[in-house]
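One structure is given here, and the rest of the page talks about it.
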Amino acid sequence: MLSTKKIITNESSVPSYWVFKYYLNLSEELTGQDIKIKSIFNPSEKTPSFCIFVDKTKMQYMYKDFSTGKYGGKINLIQELFNIPYNIAIDKMIDDYNNYLKTNTVDSSAKIVIQPKWKLDFIKNRGWNKKDSDFWTPFNISSSLLDEYNVKPIEYYSLTKEIDGKTETFKVRSILTYGYYDSTNDVSKIYSPYSKKQKFYNVKPYIQGLDQLKYSADYLVICSSLKDAMCLRSFGYKLEVIAPNSENTMIKPYVIENLKGKYKKIITLFDNDEAGKKAIDAYTEVYNINGFCLSICKDLSDAVKEKGIDVVHSELGPKLKQTLNK
């Protein structure tokens with residue numbers, strides 16, 4: 001390793017890979033690979049959703065916390081961790097780095113090398129069975145709704161990547177796995193509800209439910225997930241539904257403007273957590289689209305499963321009406 005003797009005074013001289021490893025206490029060196037850990041801002045999180053990745057345009061490490069919607073680079077990370085202003089975060093980073101160099105060495109010539117990523121190679125579908133029914137029925141989602149939204153059960157799928165001219169293949173199999181397909185029967189997302197490592201594998205950007213819109217209702221509800229969208233449809237309200245890849249993925253302006261021309265009103269129904277509430281505020285601020293979340297549970301589908309459709313309807317109905325009349 002090459003030791004850096006001189007005092008660092010410029011923020012650009014502090015490597016982003018050092019910042020993330022040091023402040024997040026990571027056990028591995030960051031050399032260009034992506035990492036996913038449990039949210040540092042949401043201690044109750046069970047499935048890791050805090051992604052550390054390289055921004056190829058800047059060749060700097062960044063983070064995206066899907067649990068809370070927080071996003072940024074090395075200085076933003078320090079801001080959030082210590083609740084300090086941007087300029088104070090810079091000073092802290094430089095001071096901590098200089099102190100670190102007093103007793104440690106850092107390879108100042110090290111470069112971030114983008115690592116090859118796993119890509120979807122093959123999907124083996126299967127038929128529906130009783131386990132599928134046992135999973136979807138408590139959410140009040142029927143086989144006809146699953147068929148309408150092109151959700152299909154998967155036996156397994158395989159991922160592939162090339163390393164040093166050699167192709168590696170990895171087969172992923174879980175208790176229950178489902179593919180969300182578009183109108184051309186290309187998979188856009190893979191959902192493994194019981195997977196501890198990765199519940200969702202996003203294959204490509206896709207607005208879920210967009211292909212199923214009939215533009216025959218006055219109202220459109222943007223939901224946090226396809227599961228919530230199908231669950232909302234099951235209530236029989238006179239409305240249509242869509243869902244972006246996640247609450248933290250804003251639907252593009254040209255899509256929203258097109259949809260506004262086809263519906264009397266568009267609203268959002270997102271999760272009752274920090275990320276969901278931020279998304280509600282974002283759609284209101286950017287698109288003047290009002291929204292709400294349920295108080296009885298984190299999301300709609302879980303509320304139906306845990307409380308029952310009648311209990312959920314007693315809160316959902318009035319909140320829908322109130323939000324639509326704003």
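Residue names in the structure tokens use chain letters A, B, ... in the order shown, residue numbers from 1 in each chain, and ligand numbers from 1 in the order shown.
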
Backbone DSSP call of strand (DSSP E or B) for segment 179-319 of chain A, listed as a ChimeraX atom specification: /A:179-181,187-191,200-202,208,219-223,239-243,265-269,291-292

Name the residues in contact with Lys238 of chain A at a cut-off of 10 Å, using only C-alpha atoms, excluding same-chain residues fewer than 5 positions from it; report them as a PDB file with C-alpha atoms, in the first residue's frame.
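File produced: selection.pdb:
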```
ATOM      1  CA  SER A 216     -62.648   3.745 -18.662  1.00  0.00           C
ATOM      2  CA  ALA A 217     -62.664   5.105 -15.104  1.00  0.00           C
ATOM      3  CA  ASP A 218     -62.534   8.697 -13.878  1.00  0.00           C
ATOM      4  CA  TYR A 219     -59.742   8.087 -11.399  1.00  0.00           C
ATOM      5  CA  LEU A 220     -56.225   6.631 -11.437  1.00  0.00           C
ATOM      6  CA  ARG A 233     -58.451  -3.382  -7.694  1.00  0.00           C
TER       7      ARG A 233
END
```

Would you list the contacts of Asp134 of chain A as a PyMOL selection string, taking every protein, DNA or RNA residue within 12 Å and counting only C-alpha atoms, but skipping same-chain residues closer than 6 positions in sequence? chain A and resi 128+140-143+176+305

Show me, as a CSV table (one decimal) with C-alpha atoms, in the first residue's frame, the residues that have an atom within 7 Å of Thr177 of chain A when counting only C-alpha atoms, minus same-chain residues fewer than 6 positions from it.
```
chain,number,residue,atom,x,y,z
A,153,PRO,CA,-45.0,-18.4,-11.2
A,154,ILE,CA,-41.3,-19.2,-11.7
A,155,GLU,CA,-39.6,-22.5,-10.8
A,191,TYR,CA,-40.6,-11.2,-7.0
A,192,SER,CA,-39.4,-13.8,-4.4
```

Applying 12 Å and only C-alpha atoms, which residues near Asn10 of chain A remain after dropping the ones on its own chain fewer than 4 positions away? List them as a list in words.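 In the requested format, the answer is Lys6, Val14, Pro15, Ile90, Asp91, Lys92, Met93, Ile94, Asp95, Tyr97 and Asn98 of chain A.
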
Export of prior selection with N, CA and C atoms as a compact mmCIF listing (two decimals), in the first residue's frame:
```txt
# COMPACT_ATOMS: atom_id res chain seq x y z
N LYS A 6 1.31 13.73 3.05
CA LYS A 6 0.91 15.12 3.15
C LYS A 6 -0.51 15.26 3.69
N VAL A 14 -10.21 12.92 -1.02
CA VAL A 14 -10.67 11.84 -0.13
C VAL A 14 -11.43 10.83 -0.98
N PRO A 15 -10.91 9.62 -1.14
CA PRO A 15 -11.56 8.62 -2.01
C PRO A 15 -12.95 8.25 -1.51
N ILE A 90 -18.04 18.18 5.02
CA ILE A 90 -16.78 18.19 4.27
C ILE A 90 -15.61 18.30 5.23
N ASP A 91 -15.69 19.24 6.19
CA ASP A 91 -14.61 19.42 7.15
C ASP A 91 -14.39 18.15 7.99
N LYS A 92 -15.48 17.52 8.39
CA LYS A 92 -15.37 16.30 9.19
C LYS A 92 -14.69 15.19 8.38
N MET A 93 -15.11 15.05 7.13
CA MET A 93 -14.54 14.01 6.27
C MET A 93 -13.03 14.20 6.11
N ILE A 94 -12.62 15.44 5.85
CA ILE A 94 -11.20 15.72 5.65
C ILE A 94 -10.42 15.49 6.95
N ASP A 95 -10.96 15.93 8.08
CA ASP A 95 -10.29 15.73 9.37
C ASP A 95 -10.17 14.25 9.70
N TYR A 97 -10.20 11.74 7.66
CA TYR A 97 -9.28 11.09 6.73
C TYR A 97 -7.83 11.35 7.11
N ASN A 98 -7.53 12.59 7.44
CA ASN A 98 -6.17 12.92 7.87
C ASN A 98 -5.78 12.19 9.14
```

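Counting only C-alpha atoms and comparing A:Ile251, A:Met230, A:Tyr149, A:Phe170, the residue that lies closest to Asp211 of chain A is A:Tyr149.
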
Could you give me, as a list in words, the residues within 10 Å of Asp271 of chain A, counting only C-alpha atoms and dropping anything in the same chain fewer than 2 positions from it?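 Near Asp271 of chain A, the qualifying residues are Cys223, Ser224, Ser225, Asp228, Glu247, Thr268, Leu269, Asp273, Glu274, Ala275, Gly276, Lys277, Lys278, Ala279, Ile280, Phe292, Cys293, Leu294, Ser295, Cys297, Lys298, Asp299 and Leu300 of chain A.
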
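The shortest atom-to-atom distance to Leu239 of chain A, with only C-alpha atoms taken into account, belongs to A:Lys265 out of A:Leu24, A:Lys265, A:Leu101, A:Glu29.
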
Using atom CA of Cys51 of chain A and atom CA of Tyr71 of chain A as the two end points, give the distance in Å to one decimal. 9.4 Å

Could you give me, as a ChimeraX atom specification, the residues within 12 Å of Lys102 of chain A, counting only C-alpha atoms and dropping anything in the same chain fewer than 2 positions from it? /A:3-8,95-100,104-106

Produce a table with one row for each residue of segment 197-269 of chain A that has an atom at most 10 Å from any atom of segment 179-184 of chain A, each row naming the nearest atom pair and its distance in Å at one decimal; use only C-alpha atoms; arrange rows by chain and rising residue number; format as CSV.
```
residue,atom,partner,partner_atom,distance
A:Phe200,CA,A:Gly179,CA,9.8
A:Tyr201,CA,A:Gly179,CA,9.5
A:Asn202,CA,A:Tyr180,CA,9.7
A:Val203,CA,A:Tyr180,CA,9.7
A:Tyr206,CA,A:Asp182,CA,7.9
A:Ile207,CA,A:Asp182,CA,9.1
A:Gln208,CA,A:Asp182,CA,8.0
A:Gly209,CA,A:Asp182,CA,8.8
A:Leu210,CA,A:Asp182,CA,9.0
A:Asp211,CA,A:Ser183,CA,6.2
A:Gln212,CA,A:Ser183,CA,8.6
A:Leu226,CA,A:Tyr180,CA,8.7
```

Could you check which of A:Ser13, A:Asn325, A:Ser49, A:Asn258 is closest to Tyr63 of chain A, using only C-alpha atoms?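 Among the listed residues, the smallest separation from Tyr63 of chain A belongs to A:Ser49.
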
From the list A:Tyr61, A:Val151, A:Arg173, A:Lys197, which residue is nearest Lys36 of chain A when using only C-alpha atoms?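 Using only C-alpha atoms, the shortest distance to Lys36 of chain A belongs to A:Lys197.
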